[in-house]
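Scroll down for the structure; my scribbles are underneath it.
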Amino acid sequence: MFWFDRTRHYDRARILEDAAQARARKKRKQAIALYRRVLAVERHNAELHARLAPLLAETGQYFDAWLSFQIAARACLREGRASKALAVYREAAHHLPREVQVWQAIARLQIKCGKRRDAVESLIEGAAQFRSRWHWPEAIHLLRSAHQISPWHFDAVLELSRLLAKSDQAEEARRLLEGLESHSDGDRLRRIHAARFRLDGDLRHAWSWLRSTLRPEAEASYG
């Protein structure tokens, strides 16, 4: 077929048209070969990298996919289109959910745009992609980043302490829970007491949990 015929004249428009048709027909490897033929001439064409990246991810070429996503996103940033760059990184997260750098890139850009709360939520979302015990270090890394941005974000710190406790880092988990306790009340405080009891097996924490659980019921009965 013509894309393997090196003697055929280079027809950019025809190659891109054939690539789009191959992509529409789910012929990913064919589309990749065609896009790469154009990128051999236009190495830094961000638009083509944006089209190519999902195809690479879908065919298991994760490293190359992430490189193409980055080229596309960085081009958007150079043009002052931060929202478009964020959309590119979001698409990367969809295709490469276990690429730590994707979630870090999203969070950095959100911070740059003044969206610190969104950045924390993105890091928590990223950490949730690493549920296997073999991937806990990646989850811990992302949650520590969230903790640095928002030191007492309840969900981030509670999940970080849970994973640290399971990873033989009980002392750090204990310090986090102690600090979080001073910034919490109500149901959140009860969850912290339960977490501290699971961590230490100390009945004092179980009593604190029980007392905080019964207190609202007692207050309601006298209301």
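Residue names in the structure tokens use chain letters A, B, ... in the order shown, residue numbers from 1 in each chain, and ligand numbers from 1 in the order shown.
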
Compile a residue-level contact table for range 55-131 of chain A against range 163-175 of chain A at a cut-off of 12 Å, reporting for every qualifying residue the shortest atom pair and its distance in Å to one decimal, with only C-alpha atoms counted, rows ordered by chain and ascending number, as JSON lines.
{"residue": "A:Ala127", "atom": "CA", "partner": "A:Leu163", "partner_atom": "CA", "distance": 10.5}
{"residue": "A:Ala128", "atom": "CA", "partner": "A:Leu163", "partner_atom": "CA", "distance": 11.3}
{"residue": "A:Phe130", "atom": "CA", "partner": "A:Leu163", "partner_atom": "CA", "distance": 10.9}
{"residue": "A:Arg131", "atom": "CA", "partner": "A:Leu163", "partner_atom": "CA", "distance": 9.9}

Limited to C-alpha atoms, could you put the picked residues into a file as a PDB file, in the first residue's frame?
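Dumped to again-v1.pdb:
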ATOM      1  CA  ALA A 127      -3.769   8.313  43.817  1.00  0.00           C
ATOM      2  CA  ALA A 128      -6.980   6.295  43.535  1.00  0.00           C
ATOM      3  CA  PHE A 130      -2.960   2.947  42.270  1.00  0.00           C
ATOM      4  CA  ARG A 131      -4.975   0.566  44.440  1.00  0.00           C
TER       5      ARG A 131
END

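Residues surrounding range 29-32 of chain A within 7 Å are A:Ala19, A:Ala22, A:Arg23, A:Arg36, A:Leu52, A:Leu55 [only C-alpha atoms; sequence separation below 4 positions excluded].
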
Could you turn the residues from that selection into a file that holds N, CA and C atoms, as a PDB file, in the first residue's frame?
ATOM      1  N   ALA A  19      -5.033   9.019   7.160  1.00  0.00           N
ATOM      2  CA  ALA A  19      -4.846   8.773   8.586  1.00  0.00           C
ATOM      3  C   ALA A  19      -6.155   8.973   9.345  1.00  0.00           C
ATOM      4  N   ALA A  22      -8.381   6.041   8.632  1.00  0.00           N
ATOM      5  CA  ALA A  22      -7.924   4.852   9.362  1.00  0.00           C
ATOM      6  C   ALA A  22      -8.298   4.946  10.835  1.00  0.00           C
ATOM      7  N   ARG A  23      -8.160   6.133  11.403  1.00  0.00           N
ATOM      8  CA  ARG A  23      -8.526   6.329  12.809  1.00  0.00           C
ATOM      9  C   ARG A  23     -10.021   6.121  13.011  1.00  0.00           C
ATOM     10  N   ARG A  36       2.927   9.348  11.746  1.00  0.00           N
ATOM     11  CA  ARG A  36       4.375   9.400  11.940  1.00  0.00           C
ATOM     12  C   ARG A  36       5.104   9.766  10.653  1.00  0.00           C
ATOM     13  N   LEU A  52      -2.148  11.830  17.519  1.00  0.00           N
ATOM     14  CA  LEU A  52      -1.381  10.585  17.606  1.00  0.00           C
ATOM     15  C   LEU A  52      -1.387   9.990  19.013  1.00  0.00           C
ATOM     16  N   LEU A  55      -3.904   7.283  20.099  1.00  0.00           N
ATOM     17  CA  LEU A  55      -3.709   6.050  19.331  1.00  0.00           C
ATOM     18  C   LEU A  55      -2.535   5.253  19.890  1.00  0.00           C
TER      19      LEU A  55
END

Skipping near chain neighbours, those fewer than 5 positions away, what residues fall within 8 Å of range 140-144 of chain A using only C-alpha atoms, listed as number ranges by chain? A: 100, 103-104, 123-124, 126-127, 156-157, 159-160, 163-164

Write to file, as a PDB file, in the first residue's frame, the residues of the selection just made, with C-alpha atoms.
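To be explicit, this is the file written out as again-v4.pdb:
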ATOM      1  CA  VAL A 100       2.247   9.578  37.815  1.00  0.00           C
ATOM      2  CA  TRP A 103      -1.455  13.755  37.503  1.00  0.00           C
ATOM      3  CA  GLN A 104       1.477  15.908  38.580  1.00  0.00           C
ATOM      4  CA  LEU A 123      -3.941  14.346  43.026  1.00  0.00           C
ATOM      5  CA  ILE A 124      -6.444  12.402  45.134  1.00  0.00           C
ATOM      6  CA  GLY A 126      -4.679  10.137  40.612  1.00  0.00           C
ATOM      7  CA  ALA A 127      -3.769   8.313  43.817  1.00  0.00           C
ATOM      8  CA  ALA A 156      -6.076  13.395  51.353  1.00  0.00           C
ATOM      9  CA  VAL A 157      -4.530  13.126  54.814  1.00  0.00           C
ATOM     10  CA  GLU A 159      -6.021   8.207  52.874  1.00  0.00           C
ATOM     11  CA  LEU A 160      -2.321   9.051  53.081  1.00  0.00           C
ATOM     12  CA  LEU A 163      -1.503   3.819  53.078  1.00  0.00           C
ATOM     13  CA  LEU A 164       1.466   4.790  55.219  1.00  0.00           C
TER      14      LEU A 164
END

Would you give me, as a PyMOL selection string, the residues in range 8-202 of chain A that DSSP reads as helix (DSSP H, G or I)? chain A and resi 12-24+28-39+46-58+62-78+82-95+100-112+116-127+133-149+154-166+170-181+186-200

Those residues with C-alpha atoms, as a compact mmCIF listing (two decimals), in the first residue's frame please?
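Result went into result-v3.txt, see below:
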# COMPACT_ATOMS: atom_id res chain seq x y z
CA ARG A 12 0.73 15.69 3.03
CA ALA A 13 -2.99 16.35 2.58
CA ARG A 14 -3.62 12.86 1.23
CA ILE A 15 -1.65 11.21 4.04
CA LEU A 16 -3.57 13.10 6.72
CA GLU A 17 -6.88 12.29 5.05
CA ASP A 18 -6.00 8.60 4.95
CA ALA A 19 -4.85 8.77 8.59
CA ALA A 20 -8.16 10.30 9.65
CA GLN A 21 -10.06 7.58 7.79
CA ALA A 22 -7.92 4.85 9.36
CA ARG A 23 -8.53 6.33 12.81
CA ALA A 24 -12.29 6.46 12.18
CA ARG A 28 -4.94 2.37 14.87
CA LYS A 29 -1.60 0.98 13.70
CA GLN A 30 -2.28 2.16 10.18
CA ALA A 31 -3.22 5.63 11.42
CA ILE A 32 -0.12 5.77 13.62
CA ALA A 33 2.15 4.92 10.67
CA LEU A 34 0.55 7.66 8.59
CA TYR A 35 0.78 10.33 11.29
CA ARG A 36 4.38 9.40 11.94
CA ARG A 37 5.14 9.82 8.27
CA VAL A 38 4.07 13.46 8.48
CA LEU A 39 5.77 13.94 11.86
CA ALA A 46 1.43 19.85 18.24
CA GLU A 47 -1.88 19.24 16.50
CA LEU A 48 -0.63 16.00 14.99
CA HIS A 49 0.85 14.89 18.30
CA ALA A 50 -2.56 15.47 19.91
CA ARG A 51 -4.14 13.16 17.33
CA LEU A 52 -1.38 10.59 17.61
CA ALA A 53 -1.13 10.36 21.41
CA PRO A 54 -4.45 8.56 22.09
CA LEU A 55 -3.71 6.05 19.33
CA LEU A 56 -0.33 5.27 20.84
CA ALA A 57 -1.89 4.78 24.27
CA GLU A 58 -4.59 2.51 22.84
CA TYR A 62 2.55 4.41 26.69
CA PHE A 63 5.94 6.12 26.78
CA ASP A 64 5.56 7.54 23.27
CA ALA A 65 1.96 8.48 24.02
CA TRP A 66 2.97 10.55 27.03
CA LEU A 67 5.69 12.29 25.02
CA SER A 68 3.13 13.27 22.37
CA PHE A 69 0.62 14.45 24.96
CA GLN A 70 3.32 16.63 26.52
CA ILE A 71 4.31 18.17 23.19
CA ALA A 72 0.67 19.04 22.49
CA ALA A 73 0.02 20.48 25.97
CA ARG A 74 3.21 22.53 26.09
CA ALA A 75 2.43 24.04 22.71
CA CYS A 76 -0.93 25.17 24.07
CA LEU A 77 0.80 26.75 27.06
CA ARG A 78 3.23 28.63 24.83
CA ALA A 82 -3.99 27.03 29.58
CA SER A 83 -7.53 25.61 29.49
CA LYS A 84 -6.72 23.73 26.28
CA ALA A 85 -3.48 22.43 27.78
CA LEU A 86 -5.43 21.20 30.81
CA ALA A 87 -7.87 19.44 28.48
CA VAL A 88 -4.94 17.69 26.79
CA TYR A 89 -3.56 16.56 30.14
CA ARG A 90 -7.03 15.39 31.17
CA GLU A 91 -7.22 13.29 28.02
CA ALA A 92 -3.78 11.92 28.89
CA ALA A 93 -5.08 10.95 32.33
CA HIS A 94 -7.97 9.11 30.69
CA HIS A 95 -5.62 7.09 28.49
CA VAL A 100 2.25 9.58 37.82
CA GLN A 101 3.60 12.46 35.75
CA VAL A 102 0.19 13.00 34.15
CA TRP A 103 -1.46 13.76 37.50
CA GLN A 104 1.48 15.91 38.58
CA ALA A 105 1.23 17.92 35.36
CA ILE A 106 -2.50 18.46 35.87
CA ALA A 107 -1.98 19.62 39.47
CA ARG A 108 0.89 21.96 38.54
CA LEU A 109 -1.17 23.61 35.84
CA GLN A 110 -4.18 23.97 38.13
CA ILE A 111 -2.01 25.63 40.77
CA LYS A 112 -0.61 27.95 38.11
CA ARG A 116 -5.34 24.89 44.38
CA ARG A 117 -8.44 23.01 45.54
CA ASP A 118 -8.82 21.45 42.10
CA ALA A 119 -5.15 20.49 42.18
CA VAL A 120 -5.61 18.61 45.46
CA GLU A 121 -8.68 16.82 44.09
CA SER A 122 -6.76 15.82 40.97
CA LEU A 123 -3.94 14.35 43.03
CA ILE A 124 -6.44 12.40 45.13
CA GLU A 125 -8.08 11.16 41.93
CA GLY A 126 -4.68 10.14 40.61
CA ALA A 127 -3.77 8.31 43.82
CA ARG A 133 -0.24 -2.83 47.08
CA TRP A 134 2.53 -2.91 44.48
CA HIS A 135 1.54 0.61 43.45
CA TRP A 136 1.10 2.11 46.92
CA PRO A 137 4.38 4.08 46.62
CA GLU A 138 2.93 5.99 43.64
CA ALA A 139 -0.30 6.69 45.52
CA ILE A 140 1.63 7.85 48.58
CA HIS A 141 3.75 10.14 46.43
CA LEU A 142 0.67 11.82 44.94
CA LEU A 143 -1.06 12.14 48.30
CA ARG A 144 2.04 13.68 49.85
CA SER A 145 1.94 16.27 47.07
CA ALA A 146 -1.71 16.95 47.93
CA HIS A 147 -0.75 17.28 51.61
CA GLN A 148 1.91 19.84 50.72
CA ILE A 149 -0.65 21.94 48.86
CA PHE A 154 -9.30 15.65 55.29
CA ASP A 155 -9.67 13.04 52.55
CA ALA A 156 -6.08 13.40 51.35
CA VAL A 157 -4.53 13.13 54.81
CA LEU A 158 -6.79 10.29 55.97
CA GLU A 159 -6.02 8.21 52.87
CA LEU A 160 -2.32 9.05 53.08
CA SER A 161 -2.19 7.91 56.71
CA ARG A 162 -4.00 4.67 55.81
CA LEU A 163 -1.50 3.82 53.08
CA LEU A 164 1.47 4.79 55.22
CA ALA A 165 0.24 2.50 58.01
CA LYS A 166 -0.03 -0.37 55.52
CA ALA A 170 3.19 3.92 61.12
CA GLU A 171 4.99 6.79 62.86
CA GLU A 172 4.33 9.22 60.02
CA ALA A 173 0.74 7.98 59.80
CA ARG A 174 0.32 8.58 63.53
CA ARG A 175 1.62 12.15 63.30
CA LEU A 176 -0.72 12.93 60.42
CA LEU A 177 -3.76 11.60 62.26
CA GLU A 178 -2.84 13.53 65.41
CA GLY A 179 -2.58 16.73 63.42
CA LEU A 180 -5.76 16.06 61.49
CA GLU A 181 -7.65 15.43 64.73
CA GLY A 186 -18.21 15.63 64.07
CA ASP A 187 -18.22 12.64 61.75
CA ARG A 188 -14.69 13.41 60.61
CA LEU A 189 -13.44 13.18 64.17
CA ARG A 190 -15.12 9.81 64.58
CA ARG A 191 -13.39 8.53 61.45
CA ILE A 192 -10.04 9.69 62.79
CA HIS A 193 -10.59 7.89 66.12
CA ALA A 194 -11.46 4.73 64.20
CA ALA A 195 -8.32 5.08 62.06
CA ARG A 196 -6.13 5.60 65.12
CA PHE A 197 -7.60 2.51 66.78
CA ARG A 198 -6.88 0.44 63.66
CA LEU A 199 -3.35 1.79 63.62
CA ASP A 200 -2.43 1.34 67.30

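The space separating CA of Tyr10 in chain A from CA of Glu42 in chain A comes to 12.8 Å.
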
Straight-line distance linking CA of Lys26 in chain A with CA of Arg98 in chain A, stated in Å to one decimal: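 Atom-to-atom, CA of Lys26 in chain A to CA of Arg98 in chain A, that is 23.6 Å.
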